[in-house]
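Enquirer: Shown below is the structure under consideration.
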There are 2 protein chains.
Amino acid sequence: MLGADQAHKPLGARQAQKLRTRQALLDAGLRLLEHQSLSSLGLRELTREVGVAPAGFYRHFRDMGDLGVALVEESFGSLREMVRAIRGEQAKADEVIDGTVAVIARYVREHRPHFRFIARERYGGVQPVREAIADELRLFAEELASDLAAQPESEGWSPQDVRMLADLYVDHMVMIAIAFLDVPPEHPESEEDIANIARRQLRLIRLGRSHWLDD
Amino acid sequence: MLGADQAHKPLGARQAQKLRTRQALLDAGLRLLEHQSLSSLGLRELTREVGVAPAGFYRHFRDMGDLGVALVEESFGSLREMVRAIRGEQAKADEVIDGTVAVIARYVREHRPHFRFIARERYGGVQPVREAIADELRLFAEELASDLAAQPESEGWSPQDVRMLADLYVDHMVMIAIAFLDVPPEHPESEEDIANIARRQLRLIRLGRSHWLDD
DNA sequence: CATGTCAGTGAACAACTGTCATCCCAACTG
DNA sequence: CAGTTGGGATGACAGTTGTTCACTGACATG
C-alpha cells in the first residue's frame, strides 16, 4: 500500500512486472506519437500495440494526458544529461558554442522520438502536457541564467537582462534542435549544414552580448 | 464547369451561398481549434457546430487536413498586412524594433485564434498543414532577407550570413508572438512586460549584427 | 419555359471509442 | 501453508466516428 520500497534494490517480481508494462506503454506511446499528436492517440490503439487489455491502461495512468506528462519527464530526464555536458566543460567561447551545437545534434540523434514529442506537444492540444513542458523549459532557463550570471562577461548586467539573455538562448536552442529533427536519420549529411547555421547564429548572439553595455 | 468567373464582381447567388457556408466551416473550425488541435477535431463535431449535415463537408474540403491548409492561408493572409506594415516604415534602428514589437502585439491581439492555430499546428500531427506553415514562414524569411540585404548595415555580408540572420529574426519573432498569446485578453497589463523583454532581445541581436564583421 | 447542375439532406454503414464491473490467478504476507 | 493483495483479462456498455449513397429542390442556363 505504501508504494515502492524506500530501498530501491530489492524490487519485488510483482512490482517489477508492473513497471515493465508501464514502460511498455510509454515506449509504444512514443512510437505511435512519431506520426501523430497526443490528442489523437487512442487508449485502445495504445493498449493494442502493447498487447494489453484496454482496461489495463488505468492501472498505470489516469488518462492520456497523464501518460503525456510522464513522457515529458522521461524526455527531459535524458535531456538533463545533455545540459550537464554543456555546463561541465569550461573552455574558450567558440569552443563552448561548437560543443553546444554538437551536444544538441547528438541528443536529437539519440533521442529523436523523445524530442519530436516535445516539439509537437509544446503548444499542442493537451493542457497538462503543455504546462509540464513549459515548467521544464523554465527550469532550464533558470539554471542557464545562473550559469551566465557567474561568468565574467556578465559583470554589470542586471538580473533581468541576464534572464532575458537566457530565455533567448533557450528558445533558440530549441529551434536548433527542431531543425536537426528534419534531417533524415538514414543519411545525416545535411546535418553539418544545419550545425553551421546554428553556430553562426549563436556566435551572433554572443557578439551582441559582449557589446550590450557599450553605450 | 470552369469555376469562378474571371471578373470577380458578378458573383452568382448560387456560389455566393456556397462561399458563405465554406466560410462558416472555416470560422467554426477556428473557434473549435482554440482549445484542441486539428488532428483531434472531428468532422461531425465541426458540421454540428455550423448546422450542416456531415456529408456537406465534402462539398468544400477533401478532408480535415484540407481545411487546415485553408486555415493556414487565411491566417497568413492577415499576417501579410502586418509584414507590409513593418517593411513600410523606414526609421531609426530603435524605432524599427519598437514598431516591430508593437505590430506583433497588435497582430496577436486582433487575430488571436489565427495565430494560436499556427503555433499549435506548426509542428502538429497533420503533415500537409505543417508543410503549408513551413512554406509560408520560408517565404517570410526570404522577403526579410532581401530587405536586410538592401540595408547599408549588410555591406560586406555574404548572402548565406544574411539568410541566417533572417532565419534568426523570423524564428524569434514567432517566439515573441507566442509569448503575447499567453497574456489574457481581458486585462492586457502584462503585455508591456513581454514587449519589454522582446525589445531588449531584438536589440541584442541587432547589436550582434552590427559587430559581425569586426574580426 | 424546359433542362440540367449541384449545394445540402437524411439515413444507413461498419468500425471505432472510453469506461466499467467482474473474475482469475500469480505473487506476496504472516 | 493459508490468506490477502492486486495486475491483468474479459466482455459488454452506450456512444461516437468517417464515409457513402440516392435524394431533393432552388438556382442557372440555353
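Going through the C-alpha cells in order, the chains are called A, B, and so on, while each chain numbers its residues from 1 and the ligands are numbered from 1 in the order shown.
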Starting from chain B, keep only residues with some atom at most 9 Å from an atom of chain C, counting only C-alpha atoms (C1' of nucleotides), and report them as a PyMOL selection string.

Expert: chain B and resi 14-15+17-18+52-53+55-56+59

Enquirer: Next, write the just-selected residues to a file, as a JSON list (two decimals), in the first residue's frame, keeping N, CA and C atoms as the atom set.

Expert:
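See again_22.json below for the written result:
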```json
[["chain", "number", "residue", "atom", "x", "y", "z"],
["B", 14, "ARG", "N", -25.91, 31.65, -56.30],
["B", 14, "ARG", "CA", -25.66, 30.24, -56.03],
["B", 14, "ARG", "C", -24.30, 30.02, -55.35],
["B", 15, "GLN", "N", -23.24, 30.50, -56.02],
["B", 15, "GLN", "CA", -21.90, 30.28, -55.48],
["B", 15, "GLN", "C", -21.64, 31.18, -54.28],
["B", 17, "GLN", "N", -23.71, 31.65, -51.84],
["B", 17, "GLN", "CA", -24.15, 30.85, -50.69],
["B", 17, "GLN", "C", -23.13, 29.77, -50.37],
["B", 18, "LYS", "N", -22.56, 29.18, -51.42],
["B", 18, "LYS", "CA", -21.55, 28.14, -51.18],
["B", 18, "LYS", "C", -20.36, 28.71, -50.43],
["B", 52, "VAL", "N", -24.76, 22.02, -40.33],
["B", 52, "VAL", "CA", -24.77, 21.45, -41.67],
["B", 52, "VAL", "C", -24.67, 19.93, -41.54],
["B", 53, "ALA", "N", -25.28, 19.23, -42.48],
["B", 53, "ALA", "CA", -25.19, 17.77, -42.45],
["B", 53, "ALA", "C", -23.74, 17.34, -42.65],
["B", 55, "ALA", "N", -22.31, 15.13, -44.40],
["B", 55, "ALA", "CA", -21.87, 14.91, -45.78],
["B", 55, "ALA", "C", -21.58, 16.22, -46.50],
["B", 56, "GLY", "N", -22.20, 17.29, -46.05],
["B", 56, "GLY", "CA", -22.00, 18.57, -46.71],
["B", 56, "GLY", "C", -20.56, 19.06, -46.65],
["B", 59, "ARG", "N", -18.42, 18.82, -49.80],
["B", 59, "ARG", "CA", -18.62, 19.75, -50.92],
["B", 59, "ARG", "C", -17.56, 20.86, -50.91]]
```

Enquirer: Mind listing the alpha helix (DSSP H) residues of range 16-55 of chain B, per DSSP on the backbone, as a list in words?

Expert: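 Those residues are Ala16, Gln17, Lys18, Leu19, Arg20, Thr21, Arg22, Gln23, Ala24, Leu25, Leu26, Asp27, Ala28, Gly29, Leu30, Arg31, Leu32, Leu43, Arg44, Glu45, Leu46, Thr47, Arg48, Glu49 and Val50 of chain B.
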
Enquirer: What does the distance from CA of Arg48 in chain B to CA of Ser39 in chain A come to in Å, to one decimal?

Expert: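 Pair CA of Arg48 in chain B / CA of Ser39 in chain A returns 20.3 Å.
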
Enquirer: Using only C-alpha atoms (C1' of nucleotides), select each residue of chain D with any atom at most 8 Å away from an atom of chain A, and give the selection as a PyMOL selection string.

Expert: chain D and resi 7-9

Enquirer: Kindly export the residues of the current selection with N, CA, C and O atoms (P, O5', C5', C4', C3', O3' and C1' of nucleotides), as a compact mmCIF listing (two decimals), in the first residue's frame.

Expert:
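This is the output file selection39.txt:
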```txt
# COMPACT_ATOMS: atom_id res chain seq x y z
P DG D 7 -1.46 -3.27 -8.93
O5' DG D 7 -0.87 -3.86 -10.29
C5' DG D 7 0.15 -4.85 -10.23
C4' DG D 7 0.00 -5.83 -11.38
C3' DG D 7 -0.37 -5.21 -12.72
O3' DG D 7 0.29 -5.91 -13.77
C1' DG D 7 -2.06 -6.73 -12.07
P DG D 8 0.22 -5.33 -15.25
O5' DG D 8 -0.90 -6.20 -15.96
C5' DG D 8 -0.72 -7.61 -16.10
C4' DG D 8 -2.05 -8.25 -16.44
C3' DG D 8 -2.76 -7.68 -17.67
O3' DG D 8 -2.62 -8.57 -18.76
C1' DG D 8 -4.26 -8.18 -15.88
P DA D 9 -3.60 -8.42 -20.06
O5' DA D 9 -4.88 -9.28 -19.66
C5' DA D 9 -4.73 -10.65 -19.30
C4' DA D 9 -6.05 -11.38 -19.47
C3' DA D 9 -6.79 -11.07 -20.78
O3' DA D 9 -7.41 -12.27 -21.26
C1' DA D 9 -8.10 -10.34 -18.94
```

Enquirer: List as a list in words the protein and nucleic acid residues near Val101 in chain A, meaning an atom at most 8 Å away when only C-alpha atoms (C1' of nucleotides) are counted, but skip any in the same chain fewer than 2 places from it.

Expert: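 These residues fall inside the cut-off: Ile97, Asp98, Gly99, Val103, Ile104, Ala105, Ala195, Ala198 and Arg199 of chain A.
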
Enquirer: Grab the residues selected above and save them as a CSV table (one decimal), in the first residue's frame with C-alpha atoms.

Expert:
```csv
chain,number,residue,atom,x,y,z
A,97,ILE,CA,29.4,27.2,-29.0
A,98,ASP,CA,30.8,24.3,-31.1
A,99,GLY,CA,30.3,22.0,-28.2
A,103,VAL,CA,25.6,18.1,-28.0
A,104,ILE,CA,22.2,19.3,-29.3
A,105,ALA,CA,22.9,17.3,-32.5
A,195,ALA,CA,25.1,22.9,-37.5
A,198,ALA,CA,23.3,27.2,-35.7
A,199,ARG,CA,26.9,28.0,-34.8
```

Enquirer: Excluding same-chain residues fewer than 2 positions from Gly208 in chain B, what lies within 10 Å of it counting only C-alpha atoms (C1' of nucleotides), as a PyMOL selection string?

Expert: (chain A and resi 201-212) or (chain B and resi 202-206+210-213)

Enquirer: Okay, now the selection with N, CA, C and O atoms, as a tab-separated table (two decimals), in the first residue's frame?

Expert:
```
chain	number	residue	atom	x	y	z
A	201	GLN	N	24.60	31.57	-35.77
A	201	GLN	CA	23.55	32.31	-35.05
A	201	GLN	C	23.93	32.48	-33.58
A	201	GLN	O	23.77	33.57	-33.01
A	202	LEU	N	24.41	31.42	-32.97
A	202	LEU	CA	24.83	31.53	-31.56
A	202	LEU	C	25.98	32.50	-31.41
A	202	LEU	O	26.06	33.25	-30.42
A	203	ARG	N	26.89	32.51	-32.39
A	203	ARG	CA	28.02	33.42	-32.34
A	203	ARG	C	27.54	34.87	-32.43
A	203	ARG	O	28.06	35.76	-31.76
A	204	LEU	N	26.52	35.09	-33.25
A	204	LEU	CA	25.99	36.45	-33.39
A	204	LEU	C	25.34	36.91	-32.08
A	204	LEU	O	25.51	38.06	-31.67
A	205	ILE	N	24.63	36.01	-31.43
A	205	ILE	CA	24.02	36.37	-30.15
A	205	ILE	C	25.12	36.68	-29.12
A	205	ILE	O	25.03	37.65	-28.37
A	206	ARG	N	26.15	35.83	-29.10
A	206	ARG	CA	27.25	36.07	-28.16
A	206	ARG	C	27.90	37.43	-28.42
A	206	ARG	O	28.29	38.15	-27.50
A	207	LEU	N	28.02	37.78	-29.71
A	207	LEU	CA	28.58	39.06	-30.09
A	207	LEU	C	27.72	40.21	-29.55
A	207	LEU	O	28.25	41.21	-29.02
A	208	GLY	N	26.44	40.07	-29.66
A	208	GLY	CA	25.54	41.08	-29.12
A	208	GLY	C	25.68	41.17	-27.61
A	208	GLY	O	25.66	42.27	-27.04
A	209	ARG	N	25.86	40.02	-26.98
A	209	ARG	CA	26.04	40.01	-25.53
A	209	ARG	C	27.28	40.80	-25.12
A	209	ARG	O	27.24	41.57	-24.16
A	210	SER	N	28.38	40.61	-25.85
A	210	SER	CA	29.64	41.22	-25.43
A	210	SER	C	29.65	42.73	-25.66
A	210	SER	O	30.52	43.42	-25.16
A	211	HIS	N	28.69	43.24	-26.43
A	211	HIS	CA	28.63	44.69	-26.66
A	211	HIS	C	27.40	45.32	-26.00
A	211	HIS	O	27.05	46.45	-26.32
A	212	TRP	N	26.74	44.56	-25.13
A	212	TRP	CA	25.48	45.01	-24.55
A	212	TRP	C	25.64	46.29	-23.73
A	212	TRP	O	24.75	47.14	-23.70
B	202	LEU	N	15.61	41.75	-29.26
B	202	LEU	CA	15.84	42.17	-30.64
B	202	LEU	C	17.01	43.16	-30.71
B	202	LEU	O	17.80	43.15	-31.66
B	203	ARG	N	17.12	44.00	-29.68
B	203	ARG	CA	18.21	44.96	-29.67
B	203	ARG	C	19.55	44.25	-29.53
B	203	ARG	O	20.55	44.63	-30.15
B	204	LEU	N	19.56	43.18	-28.74
B	204	LEU	CA	20.80	42.42	-28.57
B	204	LEU	C	21.21	41.75	-29.89
B	204	LEU	O	22.39	41.72	-30.25
B	205	ILE	N	20.22	41.23	-30.60
B	205	ILE	CA	20.53	40.61	-31.90
B	205	ILE	C	21.06	41.66	-32.87
B	205	ILE	O	22.04	41.44	-33.59
B	206	ARG	N	20.42	42.84	-32.88
B	206	ARG	CA	20.88	43.91	-33.76
B	206	ARG	C	22.31	44.32	-33.41
B	206	ARG	O	23.13	44.62	-34.29
B	210	SER	N	25.65	44.32	-35.84
B	210	SER	CA	26.49	45.48	-36.18
B	210	SER	C	27.96	45.21	-35.88
B	210	SER	O	28.81	45.98	-36.33
B	211	HIS	N	28.28	44.15	-35.15
B	211	HIS	CA	29.67	43.83	-34.88
B	211	HIS	C	30.11	42.54	-35.56
B	211	HIS	O	31.16	42.00	-35.23
B	212	TRP	N	29.28	42.07	-36.50
B	212	TRP	CA	29.54	40.76	-37.12
B	212	TRP	C	30.87	40.74	-37.87
B	212	TRP	O	31.57	39.72	-37.89
B	213	LEU	N	31.23	41.86	-38.48
B	213	LEU	CA	32.43	41.89	-39.32
B	213	LEU	C	33.63	42.51	-38.59
B	213	LEU	O	34.60	42.92	-39.22
```

Enquirer: Could you please tell me, as a tab-separated table (two decimals) with N, CA, C and O atoms, in the first residue's frame, which residues of chain B have an atom within 10 Å of chain A when using only C-alpha atoms?

Expert:
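Saved as selection_20.tsv:
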```tsv
chain	number	residue	atom	x	y	z
B	33	LEU	N	-10.90	25.07	-32.68
B	33	LEU	CA	-9.47	24.75	-32.57
B	33	LEU	C	-8.77	25.60	-31.52
B	33	LEU	O	-7.55	25.50	-31.36
B	34	GLU	N	-9.54	26.43	-30.83
B	34	GLU	CA	-8.90	27.29	-29.83
B	34	GLU	C	-8.42	26.48	-28.64
B	34	GLU	O	-7.47	26.83	-27.96
B	35	HIS	N	-9.09	25.37	-28.37
B	35	HIS	CA	-8.73	24.56	-27.21
B	35	HIS	C	-8.41	23.12	-27.56
B	35	HIS	O	-8.42	22.25	-26.69
B	36	GLN	N	-8.20	22.82	-28.83
B	36	GLN	CA	-7.76	21.48	-29.21
B	36	GLN	C	-6.97	21.60	-30.50
B	36	GLN	O	-6.92	22.66	-31.11
B	37	SER	N	-6.34	20.48	-30.89
B	37	SER	CA	-5.54	20.50	-32.10
B	37	SER	C	-6.31	19.89	-33.27
B	37	SER	O	-7.28	19.16	-33.09
B	38	LEU	N	-5.83	20.20	-34.46
B	38	LEU	CA	-6.55	19.84	-35.67
B	38	LEU	C	-6.79	18.34	-35.77
B	38	LEU	O	-7.88	17.90	-36.18
B	39	SER	N	-5.80	17.55	-35.38
B	39	SER	CA	-5.93	16.10	-35.54
B	39	SER	C	-7.01	15.51	-34.65
B	39	SER	O	-7.44	14.39	-34.87
B	40	SER	N	-7.43	16.25	-33.65
B	40	SER	CA	-8.47	15.73	-32.76
B	40	SER	C	-9.83	16.38	-33.06
B	40	SER	O	-10.81	16.08	-32.37
B	41	LEU	N	-9.87	17.24	-34.06
B	41	LEU	CA	-11.15	17.86	-34.43
B	41	LEU	C	-11.93	16.94	-35.35
B	41	LEU	O	-11.44	16.56	-36.42
B	116	ARG	N	-2.92	31.36	-32.72
B	116	ARG	CA	-2.91	30.17	-31.85
B	116	ARG	C	-2.92	28.90	-32.71
B	116	ARG	O	-2.21	27.94	-32.42
B	117	PHE	N	-3.72	28.94	-33.75
B	117	PHE	CA	-3.76	27.80	-34.68
B	117	PHE	C	-2.39	27.55	-35.31
B	117	PHE	O	-1.89	26.42	-35.34
B	118	ILE	N	-1.76	28.62	-35.79
B	118	ILE	CA	-0.44	28.48	-36.42
B	118	ILE	C	0.57	27.90	-35.43
B	118	ILE	O	1.30	26.95	-35.74
B	119	ALA	N	0.60	28.45	-34.22
B	119	ALA	CA	1.56	27.98	-33.23
B	119	ALA	C	1.35	26.52	-32.92
B	119	ALA	O	2.30	25.75	-32.79
B	120	ARG	N	0.09	26.11	-32.82
B	120	ARG	CA	-0.21	24.73	-32.42
B	120	ARG	C	0.10	23.74	-33.52
B	120	ARG	O	0.55	22.63	-33.26
B	121	GLU	N	-0.15	24.14	-34.76
B	121	GLU	CA	-0.02	23.20	-35.87
B	121	GLU	C	1.32	23.27	-36.57
B	121	GLU	O	1.58	22.50	-37.48
B	122	ARG	N	2.17	24.24	-36.15
B	122	ARG	CA	3.47	24.38	-36.82
B	122	ARG	C	4.27	23.08	-36.77
B	122	ARG	O	4.95	22.71	-37.72
B	123	TYR	N	4.19	22.38	-35.64
B	123	TYR	CA	4.84	21.08	-35.52
B	123	TYR	C	3.81	20.03	-35.13
B	123	TYR	O	4.14	19.03	-34.49
B	124	GLY	N	2.57	20.24	-35.49
B	124	GLY	CA	1.48	19.36	-35.11
B	124	GLY	C	1.47	18.06	-35.89
B	124	GLY	O	2.43	17.70	-36.56
B	125	GLY	N	0.35	17.35	-35.78
B	125	GLY	CA	0.29	15.99	-36.29
B	125	GLY	C	-0.15	15.85	-37.73
B	125	GLY	O	-0.14	14.74	-38.27
B	126	VAL	N	-0.54	16.95	-38.40
B	126	VAL	CA	-1.06	16.85	-39.76
B	126	VAL	C	-0.01	17.37	-40.74
B	126	VAL	O	0.25	18.56	-40.82
B	127	GLN	N	0.54	16.46	-41.53
B	127	GLN	CA	1.69	16.79	-42.37
B	127	GLN	C	1.42	17.92	-43.36
B	127	GLN	O	2.22	18.86	-43.44
B	160	GLN	N	24.70	34.03	-47.51
B	160	GLN	CA	24.37	33.00	-46.52
B	160	GLN	C	24.24	33.59	-45.13
B	160	GLN	O	23.34	33.20	-44.36
B	161	ASP	N	25.11	34.54	-44.80
B	161	ASP	CA	25.02	35.15	-43.48
B	161	ASP	C	23.77	36.00	-43.35
B	161	ASP	O	23.15	36.04	-42.29
B	163	ARG	N	21.00	35.40	-44.84
B	163	ARG	CA	19.90	34.46	-44.70
B	163	ARG	C	19.85	33.88	-43.28
B	163	ARG	O	18.78	33.72	-42.70
B	164	MET	N	21.01	33.61	-42.71
B	164	MET	CA	21.00	33.04	-41.35
B	164	MET	C	20.50	34.08	-40.36
B	164	MET	O	19.79	33.75	-39.42
B	165	LEU	N	20.80	35.35	-40.61
B	165	LEU	CA	20.26	36.40	-39.74
B	165	LEU	C	18.74	36.51	-39.89
B	165	LEU	O	18.01	36.64	-38.90
B	167	ASP	N	16.68	34.14	-40.77
B	167	ASP	CA	16.06	32.99	-40.09
B	167	ASP	C	16.01	33.22	-38.58
B	167	ASP	O	15.00	32.93	-37.93
B	168	LEU	N	17.10	33.75	-38.05
B	168	LEU	CA	17.13	34.03	-36.62
B	168	LEU	C	16.03	35.02	-36.24
B	168	LEU	O	15.32	34.83	-35.25
B	171	ASP	N	12.43	33.24	-36.62
B	171	ASP	CA	12.19	32.32	-35.51
B	171	ASP	C	11.87	33.09	-34.24
B	171	ASP	O	10.95	32.76	-33.50
B	172	HIS	N	12.65	34.16	-34.01
B	172	HIS	CA	12.44	34.86	-32.75
B	172	HIS	C	11.16	35.69	-32.76
B	172	HIS	O	10.51	35.82	-31.72
B	175	MET	N	8.52	33.42	-31.75
B	175	MET	CA	8.54	33.20	-30.31
B	175	MET	C	7.92	34.38	-29.57
B	175	MET	O	7.23	34.20	-28.56
B	178	ILE	N	4.20	34.14	-29.83
B	178	ILE	CA	3.69	33.09	-28.94
B	178	ILE	C	3.66	33.59	-27.50
B	178	ILE	O	2.72	33.30	-26.75
B	196	ASN	N	8.69	44.49	-23.41
B	196	ASN	CA	10.00	44.97	-22.95
B	196	ASN	C	11.09	43.94	-23.18
B	196	ASN	O	12.15	44.26	-23.71
B	197	ILE	N	10.81	42.70	-22.77
B	197	ILE	CA	11.80	41.63	-22.98
B	197	ILE	C	12.07	41.46	-24.46
B	197	ILE	O	13.23	41.36	-24.89
B	198	ALA	N	11.00	41.46	-25.26
B	198	ALA	CA	11.17	41.25	-26.70
B	198	ALA	C	12.04	42.33	-27.32
B	198	ALA	O	12.92	42.05	-28.14
B	200	ARG	N	14.34	44.16	-25.86
B	200	ARG	CA	15.74	44.01	-25.48
B	200	ARG	C	16.41	42.87	-26.24
B	200	ARG	O	17.57	42.98	-26.66
B	201	GLN	N	15.65	41.79	-26.45
B	201	GLN	CA	16.24	40.67	-27.19
B	201	GLN	C	16.53	41.05	-28.64
B	201	GLN	O	17.60	40.73	-29.17
B	202	LEU	N	15.61	41.75	-29.26
B	202	LEU	CA	15.84	42.17	-30.64
B	202	LEU	C	17.01	43.16	-30.71
B	202	LEU	O	17.80	43.15	-31.66
B	203	ARG	N	17.12	44.00	-29.68
B	203	ARG	CA	18.21	44.96	-29.67
B	203	ARG	C	19.55	44.25	-29.53
B	203	ARG	O	20.55	44.63	-30.15
B	204	LEU	N	19.56	43.18	-28.74
B	204	LEU	CA	20.80	42.42	-28.57
B	204	LEU	C	21.21	41.75	-29.89
B	204	LEU	O	22.39	41.72	-30.25
B	205	ILE	N	20.22	41.23	-30.60
B	205	ILE	CA	20.53	40.61	-31.90
B	205	ILE	C	21.06	41.66	-32.87
B	205	ILE	O	22.04	41.44	-33.59
B	206	ARG	N	20.42	42.84	-32.88
B	206	ARG	CA	20.88	43.91	-33.76
B	206	ARG	C	22.31	44.32	-33.41
B	206	ARG	O	23.13	44.62	-34.29
B	207	LEU	N	22.63	44.31	-32.11
B	207	LEU	CA	23.98	44.64	-31.67
B	207	LEU	C	24.98	43.62	-32.21
B	207	LEU	O	26.07	44.00	-32.67
B	208	GLY	N	24.62	42.36	-32.14
B	208	GLY	CA	25.49	41.34	-32.70
B	208	GLY	C	25.68	41.52	-34.19
B	208	GLY	O	26.76	41.33	-34.73
B	209	ARG	N	24.59	41.92	-34.85
B	209	ARG	CA	24.68	42.13	-36.29
B	209	ARG	C	25.68	43.24	-36.61
B	209	ARG	O	26.47	43.13	-37.55
B	210	SER	N	25.65	44.32	-35.84
B	210	SER	CA	26.49	45.48	-36.18
B	210	SER	C	27.96	45.21	-35.88
B	210	SER	O	28.81	45.98	-36.33
B	211	HIS	N	28.28	44.15	-35.15
B	211	HIS	CA	29.67	43.83	-34.88
B	211	HIS	C	30.11	42.54	-35.56
B	211	HIS	O	31.16	42.00	-35.23
B	212	TRP	N	29.28	42.07	-36.50
B	212	TRP	CA	29.54	40.76	-37.12
B	212	TRP	C	30.87	40.74	-37.87
B	212	TRP	O	31.57	39.72	-37.89
B	214	ASP	N	33.56	42.57	-37.26
B	214	ASP	CA	34.59	43.28	-36.52
B	214	ASP	C	35.95	42.58	-36.55
B	214	ASP	O	36.98	43.22	-36.44
```

Enquirer: How many Å lie between CA of Gly29 in chain A and CA of Arg109 in chain A, rounded to one decimal?

Expert: 19.1 Å

Enquirer: If we count only C-alpha atoms (C1' of nucleotides), what is near range 134-137 of chain A at a cut-off of 9 Å, once residues fewer than 2 positions away on the same chain are taken out, given as a list in words?

Expert: Val72, Glu73, Phe76, Arg122, Val129, Arg130, Glu131, Ala132, Leu139, Phe140, Ala141, Glu142, Val170 and Asp171 of chain A

Enquirer: Take CA of Gly12 in chain B and CA of Arg80 in chain B and report the distance between them in Å, one decimal.

Expert: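 Computing the Euclidean distance for CA of Gly12 in chain B and CA of Arg80 in chain B yields 29.0 Å.
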